[in-house]
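Visitor: Input: one structure, supplied below.
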Amino acid sequence: QYVWRSSAGQDFTVTRDTVNEPLGRGTEIRLHLKEDQTEYLEERRIKDIVKKHSEFISYPIHLIVQKEVEKEVPVEESEEADADEEKDENKAKIEEVDDEDEEGNKKEKTKKIKEMEEVDEELNQTKPIWTRNPDSIQKEEYNAFYKSLTNDWEDPLAVKHFSVEGQLEFRSILFTPGRAPFDLFEGKKKRNNIKLYVRRVFIMDDCEDLIPEWLNFVKGIVDSEDLPLNLSREVLQQNKILKVIRKNLVKKCVEMFSEIAEDKDNFNKFYEAFSKNIKLGIHEDAQNRAKLSEFLRYNSTKSTDELTSLKDYVTRMPEKQKYIYYITGESRQAVESSPFLETLKRK
């Protein structure tokens with residue numbers, strides 16, 4: 001067998017192992033930590049790292065931890081004698097009654113003690129939901145996964161679970177939240193909420209090239225089978241696979257919004273929360289501009305209480321109407337009091 005050594009630099013050595021016992025099979029890894037990095041020996045730190053990067057990998061990761069457990073042990077005769085002497089000294093007039101079982105046999109006296117015990121814990125018992133068939137997953141399972149992924153307490157408004165196969169292969173689950181975060185358009189905020197995995201191993205959650213900025217409210221995961229595990233930001237920026245993934249994610253997001261639009265109440269919630277994002281997408285995404293414009297809603301002189309789409313407006317147009325007039329302003333109240341609108345209404 002051989003030994004691979006490295007000091008976390010670019011160089012490494014491979015030598016024949018003449019010291020250690022033969023492993024037979026498998027690999028043994030020995031890490032030598034620097035003096036200022038001993039936090040990585042703490043149980044909590046190790047569990048956090050495994051949960052973040054390797055929670056969903058297919059093979060189990062075990063950690064041997066020490067836990068304090070309570071056990072019942074028999075009381076020795078010498079201890080009983082000491083206890084009797086102590087009672088005599090205190091002149092305690094207490095008559096002890098021995099416990100007996102149903103057959104009249106005297107039960108053995110026991111006491112409870114605490115001791116440290118080594119316990120083998122499996123750290124990655126959560127199975128990746130995105131690898132399963134969407135038909136076999138209940139809505140409650142999607143909701144639970146969304147809450148664990150985002151730390152949101154509300155259920156998502158919509159979910160899109162899909163896989164892409166062919167020249168490249170990846171699986172993804174995308175969620176539309178039920179409400180917009182208060183910092184949706186803050187400059188310092190992360191540009192996206194999509195976690196990138198490569199073969200169930202977490203890589204990063206702030207890859208700006210994975211999804212456009214106007215979709216920064218969409219949350220979810222992408223698990224690629226083709227990207228390399230040792231992925232740097234520089235490699236990602238030039239990776240053709242990532243561009244194909246991005247194109248598919250945008251396409252599936254638009255499909256998800258179309259499915260939301262089929263339910264009027266749900267779409268009203270969606271539009272109230274994310275209409276600014278749709279308008280930003282129309283401005284920035286020329287390829288999907290026509291599809292996104294179908295999601296826009298407007299106030300109309302005929303439907304003052306409810307917003308209407310351009311498509312619905314056209315279906316209500318009288319045959320003699322040849323033109324569609326529109327007016328913009330700072331607010332709905334300002335537009336309604338415009339003299340131009342008064343002239344139009346008289347027509």
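Ordering of the structure tokens sets the chain letters (A, B, ...), residue numbers begin anew at 1 in every chain, and ligands are numbered from 1 in the order given.
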Quick one: DSSP strand (DSSP E) residues in range 107-319 of chain A, as a VMD selection string?
Guide: chain A and resid 110 to 122 158 to 164 170 to 176 193 to 198 201 to 204 219 to 224
Visitor: Do a neighbour search on Thr18 in chain A at 10 Å with only C-alpha atoms, toss out local chain neighbours closer than 3 positions, and write the hits as an NGL selection string.
Guide: :A and (1-3 or 15 or 21-22)
Visitor: Please save C-alpha atoms of the selected residues as an mmCIF file, in the first residue's frame.
Guide:
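That gives us part.cif:
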```
data_model
loop_
_atom_site.group_PDB
_atom_site.id
_atom_site.type_symbol
_atom_site.label_atom_id
_atom_site.label_comp_id
_atom_site.auth_asym_id
_atom_site.auth_seq_id
_atom_site.Cartn_x
_atom_site.Cartn_y
_atom_site.Cartn_z
ATOM 1 C CA GLN A 1 0.000 0.000 0.000
ATOM 2 C CA TYR A 2 1.030 3.634 -0.508
ATOM 3 C CA VAL A 3 0.973 6.885 1.469
ATOM 4 C CA THR A 15 5.618 6.733 -1.217
ATOM 5 C CA GLU A 21 -0.427 -2.184 9.235
ATOM 6 C CA PRO A 22 -2.028 -3.229 5.888
#
```
Visitor: One decimal, in Å: what's the spacing between CA of Leu149 in chain A and CA of Gly220 in chain A?
Guide: 7.6 Å
Visitor: Need the shell around Lys111 in chain A: protein/DNA/RNA residues with any atom at most 10 Å away, counting only C-alpha atoms. Skip same-chain ones fewer than 5 positions apart. Format as a ChimeraX atom specification?
Guide: /A:71-76
Visitor: What's the 7 Å shell around range 278-289 of chain A, counting only C-alpha atoms, without same-chain residues fewer than 4 positions away, as an MDAnalysis selection string?
Guide: chainID A and resid 214 274 293
Visitor: Store the residues picked out above in a file with all heavy atoms, as a short mmCIF file (atom, residue, chain, number, x, y, z; two decimals), in the first residue's frame.
Guide:
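Written out: result_38.cif:
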```cif
data_model
loop_
_atom_site.label_atom_id
_atom_site.label_comp_id
_atom_site.auth_asym_id
_atom_site.auth_seq_id
_atom_site.Cartn_x
_atom_site.Cartn_y
_atom_site.Cartn_z
N TRP A 214 -33.12 38.89 -11.81
CA TRP A 214 -34.55 39.13 -11.67
C TRP A 214 -35.28 37.93 -11.06
O TRP A 214 -36.42 38.05 -10.61
CB TRP A 214 -35.18 39.53 -13.01
CG TRP A 214 -35.20 38.47 -14.08
CD1 TRP A 214 -34.23 38.20 -14.99
CD2 TRP A 214 -36.28 37.57 -14.38
NE1 TRP A 214 -34.62 37.18 -15.84
CE2 TRP A 214 -35.87 36.79 -15.48
CE3 TRP A 214 -37.54 37.36 -13.83
CZ2 TRP A 214 -36.68 35.80 -16.05
CZ3 TRP A 214 -38.35 36.37 -14.39
CH2 TRP A 214 -37.91 35.61 -15.48
N PHE A 274 -44.13 39.81 -6.27
CA PHE A 274 -42.99 39.74 -7.17
C PHE A 274 -43.20 40.43 -8.53
O PHE A 274 -42.49 40.13 -9.50
CB PHE A 274 -42.60 38.27 -7.41
CG PHE A 274 -42.38 37.50 -6.14
CD1 PHE A 274 -43.23 36.47 -5.78
CD2 PHE A 274 -41.33 37.82 -5.29
CE1 PHE A 274 -43.04 35.76 -4.60
CE2 PHE A 274 -41.13 37.12 -4.12
CZ PHE A 274 -41.97 36.09 -3.77
N SER A 293 -44.28 39.11 -20.47
CA SER A 293 -45.26 40.19 -20.61
C SER A 293 -46.69 39.69 -20.38
O SER A 293 -47.58 40.47 -20.01
CB SER A 293 -45.14 40.84 -21.99
OG SER A 293 -45.46 39.90 -23.01
#
```
Visitor: Near Pro212 in chain A, within 12 Å and counting only C-alpha atoms, which residues show up once chain neighbours fewer than 3 positions away are dropped, as a ChimeraX atom specification?
Guide: /A:190-194,206-209,215-218,243,245-251,253,277-278,280-282,284-285
Visitor: I want to know what sits within 8 Å of range 265-273 of chain A, based on only C-alpha atoms, with residues of the same chain fewer than 6 positions away left out; could you give that as a list in words?
Guide: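 These residues fall inside the cut-off: Leu157, Gly178, Arg179 and Ala180 of chain A.
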Visitor: Output N, CA and C atoms for every residue in that selection, as a short mmCIF file (atom, residue, chain, number, x, y, z; two decimals), in the first residue's frame.
Guide:
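New file part.cif:
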```cif
data_model
loop_
_atom_site.label_atom_id
_atom_site.label_comp_id
_atom_site.auth_asym_id
_atom_site.auth_seq_id
_atom_site.Cartn_x
_atom_site.Cartn_y
_atom_site.Cartn_z
N LEU A 157 -45.43 28.89 -2.38
CA LEU A 157 -46.61 29.11 -3.23
C LEU A 157 -46.66 28.08 -4.35
N GLY A 178 -44.10 32.16 -0.64
CA GLY A 178 -45.43 32.71 -0.50
C GLY A 178 -45.45 34.21 -0.29
N ARG A 179 -44.29 34.79 0.03
CA ARG A 179 -44.21 36.24 0.24
C ARG A 179 -42.81 36.71 -0.13
N ALA A 180 -42.69 38.00 -0.38
CA ALA A 180 -41.40 38.58 -0.73
C ALA A 180 -40.63 38.96 0.53
#
```
Visitor: Within 9 Å of range 44-61 of chain A, counting only C-alpha atoms, which residues show up once you throw out same-chain ones fewer than 2 positions away? Write them as a list in words, please.
Guide: Glu39, Tyr40, Leu41, Glu42, Leu63, Glu121, Glu122, Leu123, Asn124, Gln125, Thr126, Lys127, Pro128, Tyr197, Arg199, Arg200, Val201, Phe202, Ile203 and Met204 of chain A
Visitor: How many Å lie between CA of Leu168 in chain A and CA of Asp226 in chain A, rounded to one decimal?
Guide: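 Here the two named atoms are 6.5 Å from each other.
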Visitor: Measure the distance from CA of Tyr323 in chain A to CA of Ser258 in chain A in Å and round it to one decimal.
Guide: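 Rounded to one decimal, the two atoms are 27.6 Å apart.
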Visitor: Counting only C-alpha atoms, which of A:Asn133, A:Tyr146, A:Lys311, A:Asn299 gets nearest to Gly329 in chain A?
Guide: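 Ranked by minimum distance to Gly329 in chain A, first place goes to A:Asn299.
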